[in-house]
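Chemist: Enclosed is the structure file model39.txt (compact mmCIF, C-alpha atoms and all ligand atoms).
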```txt
# COMPACT_ATOMS: atom_id res chain seq x y z
CA MET S 142 115.67 98.11 113.95
CA ALA S 143 118.49 97.59 116.44
CA THR S 144 117.63 97.44 120.15
CA PRO S 145 119.71 100.13 121.84
CA PHE S 146 117.09 100.72 124.53
CA ALA S 147 116.63 97.26 126.01
CA GLY S 148 115.96 97.61 129.74
CA LYS S 149 115.21 101.32 129.42
CA ARG S 150 111.97 103.06 130.29
CA ALA S 151 110.98 106.07 128.15
CA LEU S 152 108.29 108.70 128.66
CA VAL S 153 106.91 110.36 125.51
CA THR S 154 104.42 113.25 125.68
CA GLY S 155 101.94 114.08 122.94
CA ALA S 156 101.97 110.39 122.11
CA GLY S 157 98.47 110.23 120.66
CA LYS S 158 99.18 111.57 117.19
CA GLY S 159 101.88 112.68 114.78
CA ILE S 160 105.53 112.74 115.75
CA GLY S 161 104.90 111.57 119.31
CA ARG S 162 102.96 108.50 118.24
CA ALA S 163 105.63 107.60 115.68
CA THR S 164 108.29 108.05 118.38
CA VAL S 165 106.51 105.61 120.69
CA LYS S 166 106.53 102.96 117.96
CA ALA S 167 110.22 103.51 117.17
CA LEU S 168 111.23 103.28 120.83
CA VAL S 169 109.26 100.07 121.32
CA GLU S 170 110.92 98.64 118.22
CA CYS S 171 114.25 99.61 119.80
CA GLY S 172 113.42 97.60 122.91
CA ALA S 173 112.26 100.33 125.31
CA GLU S 174 109.33 100.13 127.66
CA VAL S 175 107.35 103.29 126.85
CA ILE S 176 104.96 105.43 128.85
CA ALA S 177 102.82 107.13 126.21
CA LEU S 178 101.25 110.28 127.64
CA SER S 179 98.64 112.28 125.77
CA ARG S 180 95.35 114.01 126.45
CA THR S 181 92.80 112.24 124.20
CA GLU S 182 91.80 108.81 125.50
CA ALA S 183 90.63 107.61 122.05
CA ASP S 184 94.13 108.14 120.62
CA LEU S 185 95.72 106.17 123.43
CA HIS S 186 93.14 103.44 123.03
CA SER S 187 93.87 103.15 119.30
CA LEU S 188 97.61 103.16 120.03
CA LYS S 189 97.08 100.06 122.14
CA GLN S 190 95.24 98.38 119.24
CA GLU S 191 98.17 98.83 116.86
CA PRO S 192 99.95 95.68 115.67
CA PHE S 193 103.31 96.75 117.12
CA TYR S 194 101.79 96.93 120.59
CA LEU S 195 100.07 93.57 120.35
CA THR S 196 103.24 91.94 119.02
CA PHE S 197 105.53 93.30 121.66
CA GLN S 198 103.25 92.73 124.62
CA SER S 199 103.68 88.98 124.18
CA PRO S 200 104.94 87.50 127.45
CA LEU S 201 107.42 85.55 125.35
CA TRP S 202 109.08 88.80 124.43
CA HIS S 203 108.65 90.87 127.55
CA GLU S 204 107.11 90.32 130.97
CA VAL S 205 105.03 93.51 130.85
CA PRO S 206 103.32 95.37 128.01
CA SER S 207 105.83 97.58 126.26
CA VAL S 208 103.48 100.56 126.18
CA LYS S 209 101.68 101.98 129.18
CA THR S 210 99.31 104.85 128.44
CA GLU S 211 98.55 107.89 130.58
CA CYS S 212 95.72 110.26 129.67
CA VAL S 213 96.98 113.55 131.10
CA ASP S 214 97.20 117.15 129.95
CA VAL S 215 100.88 118.15 130.25
CA SER S 216 99.92 121.58 131.52
CA ASP S 217 98.37 119.92 134.60
CA LEU S 218 101.70 119.81 136.42
CA PRO S 219 100.52 118.00 139.61
CA ALA S 220 99.02 115.23 137.44
CA VAL S 221 102.22 115.01 135.40
CA GLU S 222 104.32 114.82 138.55
CA ALA S 223 102.10 112.02 139.85
CA VAL S 224 102.67 110.06 136.61
CA VAL S 225 106.42 110.42 137.03
CA LYS S 226 106.30 109.38 140.70
CA GLY S 227 104.27 106.29 139.86
CA ALA S 228 106.25 105.23 136.83
CA GLY S 229 109.41 103.76 138.33
CA PRO S 230 112.81 104.72 136.92
CA ILE S 231 112.59 106.78 133.73
CA HIS S 232 115.78 106.72 131.65
CA LEU S 233 114.62 108.57 128.53
CA LEU S 234 112.25 111.53 128.13
CA VAL S 235 110.81 113.01 124.94
CA ASN S 236 109.07 116.35 125.49
CA ASN S 237 107.01 116.30 122.31
CA ALA S 238 103.50 117.60 123.15
CA GLY S 239 102.94 120.96 121.52
CA VAL S 240 100.16 123.22 120.32
CA THR S 241 99.77 126.26 118.16
CA GLN S 242 97.09 128.69 117.14
CA LEU S 243 97.50 130.99 114.16
CA LEU S 244 97.19 134.53 115.48
CA SER S 245 98.82 137.72 114.34
CA VAL S 246 100.81 139.90 116.71
CA LEU S 247 97.88 142.33 116.85
CA ASP S 248 95.31 139.59 117.53
CA THR S 249 97.16 137.38 120.04
CA THR S 250 95.24 137.22 123.31
CA PRO S 251 96.71 136.71 126.77
CA ASP S 252 94.77 133.43 127.06
CA ALA S 253 96.09 132.03 123.78
CA TYR S 254 99.62 133.12 124.67
CA ASP S 255 99.44 131.52 128.12
CA ARG S 256 98.03 128.26 126.75
CA ILE S 257 100.76 127.88 124.13
CA MET S 258 103.56 128.82 126.54
CA SER S 259 102.17 126.53 129.19
CA VAL S 260 102.04 123.43 126.95
CA ASN S 261 105.11 124.13 124.78
CA LEU S 262 107.53 125.53 127.35
CA LYS S 263 106.44 125.40 130.99
CA ALA S 264 105.32 121.76 130.85
CA PRO S 265 108.56 120.46 129.27
CA VAL S 266 110.65 122.42 131.77
CA PHE S 267 108.87 120.99 134.81
CA LEU S 268 108.44 117.48 133.42
CA SER S 269 112.18 117.47 132.77
CA GLN S 270 112.73 118.61 136.36
CA TYR S 271 110.57 115.79 137.78
CA VAL S 272 112.28 113.17 135.63
CA ALA S 273 115.79 114.58 136.17
CA ARG S 274 115.36 114.49 139.95
CA GLY S 275 114.91 110.73 139.72
CA MET S 276 117.88 110.37 137.37
CA VAL S 277 120.08 112.40 139.75
CA GLU S 278 118.91 110.36 142.74
CA ARG S 279 119.69 107.07 141.00
CA GLY S 280 123.00 108.37 139.64
CA ASP S 281 122.76 106.43 136.39
CA GLY S 282 122.17 109.40 134.07
CA GLY S 283 119.72 109.59 131.21
CA ALA S 284 118.76 111.44 128.06
CA ILE S 285 116.12 114.07 127.38
CA VAL S 286 115.04 115.24 123.92
CA ASN S 287 112.89 118.34 123.50
CA VAL S 288 110.91 118.62 120.28
CA SER S 289 111.49 122.24 119.32
CA SER S 290 111.18 123.69 115.80
CA VAL S 291 112.96 125.79 113.18
CA ALA S 292 110.41 128.33 114.43
CA SER S 293 112.71 128.84 117.43
CA SER S 294 115.05 130.83 115.19
CA VAL S 295 112.97 131.78 112.13
CA ALA S 296 110.23 134.38 112.59
CA LEU S 297 106.96 133.05 111.14
CA THR S 298 103.87 135.16 110.50
CA ASP S 299 100.97 134.37 112.89
CA HIS S 300 103.25 132.33 115.19
CA LEU S 301 104.15 134.88 117.88
CA ALA S 302 103.54 132.68 120.92
CA TYR S 303 104.65 129.49 119.14
CA CYS S 304 108.00 130.93 117.95
CA THR S 305 108.57 132.45 121.38
CA SER S 306 107.82 129.16 123.13
CA LYS S 307 110.25 127.23 120.90
CA ALA S 308 112.99 129.85 121.32
CA GLY S 309 112.52 129.42 125.06
CA MET S 310 112.68 125.66 124.68
CA ASP S 311 116.04 125.90 122.92
CA MET S 312 117.48 127.97 125.76
CA ALA S 313 115.92 125.70 128.40
CA THR S 314 117.62 122.79 126.60
CA LYS S 315 121.00 124.49 126.92
CA VAL S 316 120.59 125.48 130.58
CA MET S 317 119.43 121.96 131.45
CA ALA S 318 122.38 120.48 129.54
CA LEU S 319 124.72 122.76 131.51
CA GLU S 320 123.36 121.90 134.96
CA LEU S 321 122.47 118.25 134.42
CA GLY S 322 125.58 117.22 132.46
CA PRO S 323 127.59 116.56 135.64
CA HIS S 324 124.88 114.01 136.54
CA LYS S 325 125.41 112.19 133.21
CA ILE S 326 122.11 113.51 131.88
CA ARG S 327 122.24 114.68 128.28
CA VAL S 328 119.64 117.22 127.11
CA ASN S 329 119.18 118.00 123.42
CA ALA S 330 116.53 119.35 121.08
CA VAL S 331 115.40 118.52 117.56
CA ASN S 332 114.25 121.43 115.42
CA PRO S 333 112.12 120.21 112.53
CA THR S 334 110.77 122.16 109.61
CA VAL S 335 107.14 121.53 108.62
CA VAL S 336 105.84 117.96 109.01
CA MET S 337 102.39 117.29 107.61
CA THR S 338 100.86 115.98 110.82
CA ASP S 339 97.55 117.39 112.06
CA MET S 340 99.44 120.42 113.36
CA GLY S 341 101.36 120.81 110.10
CA LYS S 342 98.18 120.56 108.03
CA MET S 343 96.46 123.14 110.18
CA ALA S 344 99.22 125.67 109.59
CA TRP S 345 100.55 124.78 106.11
CA SER S 346 97.74 123.28 104.00
CA ASP S 347 97.32 126.40 101.89
CA PRO S 348 99.19 125.50 98.67
CA VAL S 349 100.61 128.99 98.08
CA LYS S 350 101.86 129.25 101.65
CA SER S 351 103.37 125.76 101.63
CA SER S 352 105.08 126.11 98.24
CA ASN S 353 106.58 129.43 99.37
CA ALA S 354 107.84 127.72 102.52
CA MET S 355 109.24 124.83 100.53
CA THR S 356 111.26 127.12 98.27
CA GLN S 357 113.18 128.12 101.42
CA ILE S 358 114.26 124.51 101.96
CA PRO S 359 117.34 123.51 99.93
CA LEU S 360 116.25 119.86 99.83
CA GLY S 361 112.91 121.02 98.38
CA ARG S 362 110.54 119.12 100.64
CA PHE S 363 109.00 119.17 104.09
CA ALA S 364 110.15 116.66 106.71
CA GLU S 365 108.49 113.28 107.22
CA GLU S 366 107.64 112.02 110.70
CA ALA S 367 110.38 109.40 110.28
CA ASP S 368 113.01 112.11 109.66
CA VAL S 369 112.22 113.61 113.06
CA VAL S 370 111.88 110.28 114.86
CA ASN S 371 115.27 109.12 113.55
CA ALA S 372 116.89 112.25 114.99
CA ILE S 373 115.10 111.77 118.33
CA VAL S 374 116.20 108.13 118.56
CA PHE S 375 119.78 109.12 117.73
CA LEU S 376 119.86 111.80 120.43
CA LEU S 377 118.41 109.39 123.01
CA SER S 378 120.89 106.66 122.14
CA ASP S 379 124.50 106.10 123.14
CA GLN S 380 125.40 106.84 119.50
CA SER S 381 125.24 110.49 120.59
CA SER S 382 126.93 110.01 123.96
CA MET S 383 129.08 113.19 123.58
CA LEU S 384 126.19 115.41 122.41
CA SER S 385 124.44 117.64 124.91
CA GLY S 386 122.90 121.10 124.60
CA VAL S 387 122.50 120.61 120.84
CA THR S 388 119.55 122.04 118.92
CA LEU S 389 119.56 119.79 115.87
CA PRO S 390 117.81 121.09 112.76
CA VAL S 391 115.78 118.49 110.88
CA ASP S 392 115.05 120.97 108.15
CA GLY S 393 116.49 120.00 104.78
CA GLY S 394 118.88 122.95 105.13
CA ARG S 395 116.21 125.59 105.93
CA LEU S 396 118.43 127.29 108.50
CA VAL S 397 121.38 127.90 106.16
CA HIS S 398 119.90 131.27 105.19
P1 LIG R 1 100.10 116.84 116.36
O1 LIG R 1 99.10 117.93 116.58
O2 LIG R 1 99.97 115.98 115.17
O3 LIG R 1 100.18 115.91 117.65
C1 LIG R 1 100.41 116.49 118.90
C2 LIG R 1 100.09 115.49 119.98
O4 LIG R 1 100.35 116.15 121.23
C3 LIG R 1 98.62 115.09 119.98
O5 LIG R 1 98.50 113.75 120.35
C4 LIG R 1 98.04 116.01 121.04
O6 LIG R 1 96.88 115.52 121.65
C5 LIG R 1 99.18 116.04 122.04
N1 LIG R 1 99.04 117.17 122.93
C6 LIG R 1 98.83 118.46 122.59
N2 LIG R 1 98.69 119.20 123.68
C7 LIG R 1 98.79 118.36 124.74
C8 LIG R 1 98.70 118.54 126.13
N3 LIG R 1 98.45 119.73 126.67
N4 LIG R 1 98.86 117.47 126.92
C9 LIG R 1 99.10 116.25 126.40
N5 LIG R 1 99.18 116.01 125.09
C10 LIG R 1 99.02 117.06 124.26
O7 LIG R 1 101.51 117.60 116.36
P2 LIG R 1 102.93 117.17 115.78
O8 LIG R 1 103.14 115.74 115.90
O9 LIG R 1 103.10 117.85 114.49
O10 LIG R 1 103.84 117.98 116.82
C11 LIG R 1 104.64 117.36 117.79
C12 LIG R 1 105.71 118.34 118.22
O11 LIG R 1 106.49 118.70 117.08
C13 LIG R 1 105.16 119.66 118.78
O12 LIG R 1 105.92 120.06 119.89
C14 LIG R 1 105.35 120.63 117.63
O13 LIG R 1 105.48 121.94 118.07
C15 LIG R 1 106.62 120.10 117.01
N6 LIG R 1 106.83 120.49 115.62
C16 LIG R 1 105.88 120.18 114.68
C17 LIG R 1 106.06 120.58 113.38
C18 LIG R 1 105.05 120.32 112.31
O14 LIG R 1 105.14 120.96 111.23
N7 LIG R 1 104.11 119.41 112.48
C19 LIG R 1 107.29 121.31 112.95
C20 LIG R 1 108.21 121.54 114.04
C21 LIG R 1 107.98 121.14 115.31
P3 LIG R 1 95.42 116.09 121.20
O15 LIG R 1 95.30 115.78 119.75
O16 LIG R 1 94.51 115.33 122.06
O17 LIG R 1 95.47 117.56 121.47
```
In structure tokens, what does this structure look like?
Ligand code: NDP
Modeler:
Amino acid sequence: MATPFAGKRALVTGAGKGIGRATVKALVECGAEVIALSRTEADLHSLKQEPFYLTFQSPLWHEVPSVKTECVDVSDLPAVEAVVKGAGPIHLLVNNAGVTQLLSVLDTTPDAYDRIMSVNLKAPVFLSQYVARGMVERGDGGAIVNVSSVASSVALTDHLAYCTSKAGMDMATKVMALELGPHKIRVNAVNPTVVMTDMGKMAWSDPVKSSNAMTQIPLGRFAEEADVVNAIVFLLSDQSSMLSGVTLPVDGGRLVH
């Protein structure tokens, strides 16, 4: 892969599994130094054992390891702020950590609602604020990508809090793009359809449910992690230097109807 991020430091949340983990690898391959933040130490440990990490931490290639790991829950905002303060300049941010719990409207509890909103919406908003303050202070701009979902605009059964959180994330993306644009900070979102990560399997493993969902997708398949990662890398890169406030479907055409 090309190296559009040489000399850039990126922070990726939810980096232990799924889309976040794949994003870390892609950014390292593109030359970035990555702070991989997630909440399960074993995942971060195994990330550091991966061949890409061992290859790129060679002093011949780079003076410091290309991945630094931080075991933090994104909803612990003081801990997240401390990571940002201790990280040095952050040029690229991927707000990827997300959770869901399948609960009907009638069964959703205040606790479940708060937990989903706190991880999926409140944490990305404040992490973006902490990172953007540094970008504004330095004056050299930056790029933020929020990992939203088609669920921000399509109502899904048993996803009340999740859909609401992603709809909020889309609007937060636009307001941040509006206010931070004058500081050369671009803020965009990617909105994938189902990806069969752990989260995807939890919600879409039932064959009847998944084949019904797939019939809604003109391209006739769910997304792969790489489909989402490619869109994230594009929105972080200078290839998208005139794009801000975009909510980019990665959905095989799901949102055409
Ligand atoms: P996974 O469940 O596979 O991975 C999520 C990662 O985020 C895990 O490493 C998880 O850690 C971490 N994480 C979760 N909560 C926190 C937290 N509070 N603090 C720090 N890290 C946390 O999910 P995906 O890769 O599928 O999802 C990534 C993003 O993509 C999410 O925002 C999701 O909403 C979005 N998305 C996913 C779709 C799908 O079908 N998979 C479709 C559309 C959007 P741990 O395992 O330790 O909890």
Chemist: Can you build me a table of stretch 225-333 of chain S residues sitting at most 7 Å from stretch 370-393 of chain S, with the closest atom pair per residue and its distance in Å to one decimal, using all atoms listed in the file, sorted by chain and residue number, as a tab-separated table?
Modeler:
```
residue	atom	partner	partner_atom	distance
S:Leu233	CA	S:Leu377	CA	6.7
S:Ala284	CA	S:Leu377	CA	5.5
S:Ile285	CA	S:Leu377	CA	6.8
S:Val286	CA	S:Ile373	CA	6.6
S:Val291	CA	S:Pro390	CA	6.8
S:Asp311	CA	S:Thr388	CA	6.6
S:Thr314	CA	S:Gly386	CA	5.9
S:Lys315	CA	S:Gly386	CA	4.5
S:Ala318	CA	S:Gly386	CA	5.0
S:Arg327	CA	S:Ser385	CA	5.0
S:Val328	CA	S:Ser385	CA	5.3
S:Asn329	CA	S:Val387	CA	4.9
S:Ala330	CA	S:Thr388	CA	4.6
S:Val331	CA	S:Leu389	CA	4.7
S:Asn332	CA	S:Pro390	CA	4.5
S:Pro333	CA	S:Val391	CA	4.4
```
Chemist: Which value, in Å to one decimal, gives the distance between atom CA of S:Glu182 and atom CA of S:Met258?
Modeler: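 According to the coordinates, atom CA of S:Glu182 and atom CA of S:Met258 are separated by 23.2 Å.
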Chemist: Hey, can I get the axis-aligned box for ligand LIG 1 (chain R)? All listed atoms, 3 Å padding on each side, centre and edge lengths in Å to one decimal, as AutoDock Vina command-line options.
Modeler:
```
--center_x 101.4 --center_y 117.8 --center_z 119.1 --size_x 19.7 --size_y 14.2 --size_z 21.7
```
Chemist: Pick the closest to S:Leu234 from S:Asp252, S:Glu174, S:Asp368, S:Asp339: which is it, counting all atoms listed in the file?
Modeler: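 Counting all atoms listed in the file, the residue closest to S:Leu234 is S:Glu174.
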Chemist: May I have the residues within 7 Å of ligand LIG 1 (chain R), computed using only C-alpha atoms and all ligand atoms, as a count of residues only?
Modeler: 36
Chemist: Show me the residues close to (97.9, 138.0, 114.6) - anything with an atom within 12 Å, counting all atoms listed in the file - and format the list as a list of chain:residue names.
Modeler: S:Gln242, S:Leu243, S:Leu244, S:Ser245, S:Val246, S:Leu247, S:Asp248, S:Thr249, S:Thr250, S:Ala253, S:Tyr254, S:Leu297, S:Thr298, S:Asp299, S:His300, S:Leu301, S:Ala302, S:Tyr303
Chemist: Just how far from atom CA of S:Ala173 is atom CA of S:Phe146, in Å to one decimal?
Modeler: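 Atom CA of S:Ala173 lies 4.9 Å from atom CA of S:Phe146.
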Chemist: Mind checking which residues fall within 12 Å of S:Asp217, counting all atoms listed in the file, ignoring those fewer than 5 positions away in the same chain, and posting them as a JSON list (two decimals) with C-alpha atoms, in the coordinates of the input?
Modeler:
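After the write, part-v9.json holds the following:
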```
[["chain", "number", "residue", "atom", "x", "y", "z"],
["S", 179, "SER", "CA", 98.64, 112.28, 125.77],
["S", 180, "ARG", "CA", 95.35, 114.01, 126.45],
["S", 212, "CYS", "CA", 95.72, 110.26, 129.67],
["S", 222, "GLU", "CA", 104.32, 114.82, 138.55],
["S", 223, "ALA", "CA", 102.10, 112.02, 139.85],
["S", 224, "VAL", "CA", 102.67, 110.06, 136.61],
["S", 256, "ARG", "CA", 98.03, 128.26, 126.75],
["S", 259, "SER", "CA", 102.17, 126.53, 129.19],
["S", 260, "VAL", "CA", 102.04, 123.43, 126.95],
["S", 263, "LYS", "CA", 106.44, 125.40, 130.99],
["S", 264, "ALA", "CA", 105.32, 121.76, 130.85],
["S", 265, "PRO", "CA", 108.56, 120.46, 129.27],
["S", 267, "PHE", "CA", 108.87, 120.99, 134.81],
["S", 268, "LEU", "CA", 108.44, 117.48, 133.42]]
```
Chemist: Counting all atoms listed in the file, which residue out of S:Cys304, S:Val175, S:Val295, S:Ala344 sits closest to S:Lys149?
Modeler: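 Checking each of S:Cys304, S:Val175, S:Val295, S:Ala344 against S:Lys149, counting all atoms listed in the file, the winner is S:Val175.
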Chemist: Select, from S:Val208, S:Ala367, S:Leu152, S:Met343, the residue with the minimum atom-to-atom distance to S:Tyr271, counting only C-alpha atoms.
Modeler: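 Smallest distance to S:Tyr271 is found for S:Leu152.
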Chemist: So how far away is atom CA of S:Asn287 from atom CA of S:Ala220, in Å?
Modeler: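 Between atom CA of S:Ala220 and atom CA of S:Asn287 the gap is 19.9 Å.
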Chemist: With only C-alpha atoms as the counted atoms, please give the residues lying no more than 9 Å from S:Gln357, apart from itself and same-chain residues fewer than 3 positions off, as a JSON list (two decimals) with C-alpha atoms, keeping the file's coordinate frame.
Modeler:
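So the final result, stored in selection-v8.json, reads:
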```json
[["chain", "number", "residue", "atom", "x", "y", "z"],
["S", 352, "SER", "CA", 105.08, 126.11, 98.24],
["S", 353, "ASN", "CA", 106.58, 129.43, 99.37],
["S", 354, "ALA", "CA", 107.84, 127.72, 102.52],
["S", 360, "LEU", "CA", 116.25, 119.86, 99.83],
["S", 361, "GLY", "CA", 112.91, 121.02, 98.38],
["S", 394, "GLY", "CA", 118.88, 122.95, 105.13],
["S", 395, "ARG", "CA", 116.21, 125.59, 105.93],
["S", 396, "LEU", "CA", 118.43, 127.29, 108.50],
["S", 398, "HIS", "CA", 119.90, 131.27, 105.19]]
```
Chemist: Please list as a VMD selection string every residue within 12 Å of S:Arg150, counting all atoms listed in the file and excluding residues in the same chain fewer than 6 positions away.
Modeler: chain S and resid 165 168 to 169 171 to 177 205 to 209 225 228 to 235 272 276 283 to 284 377
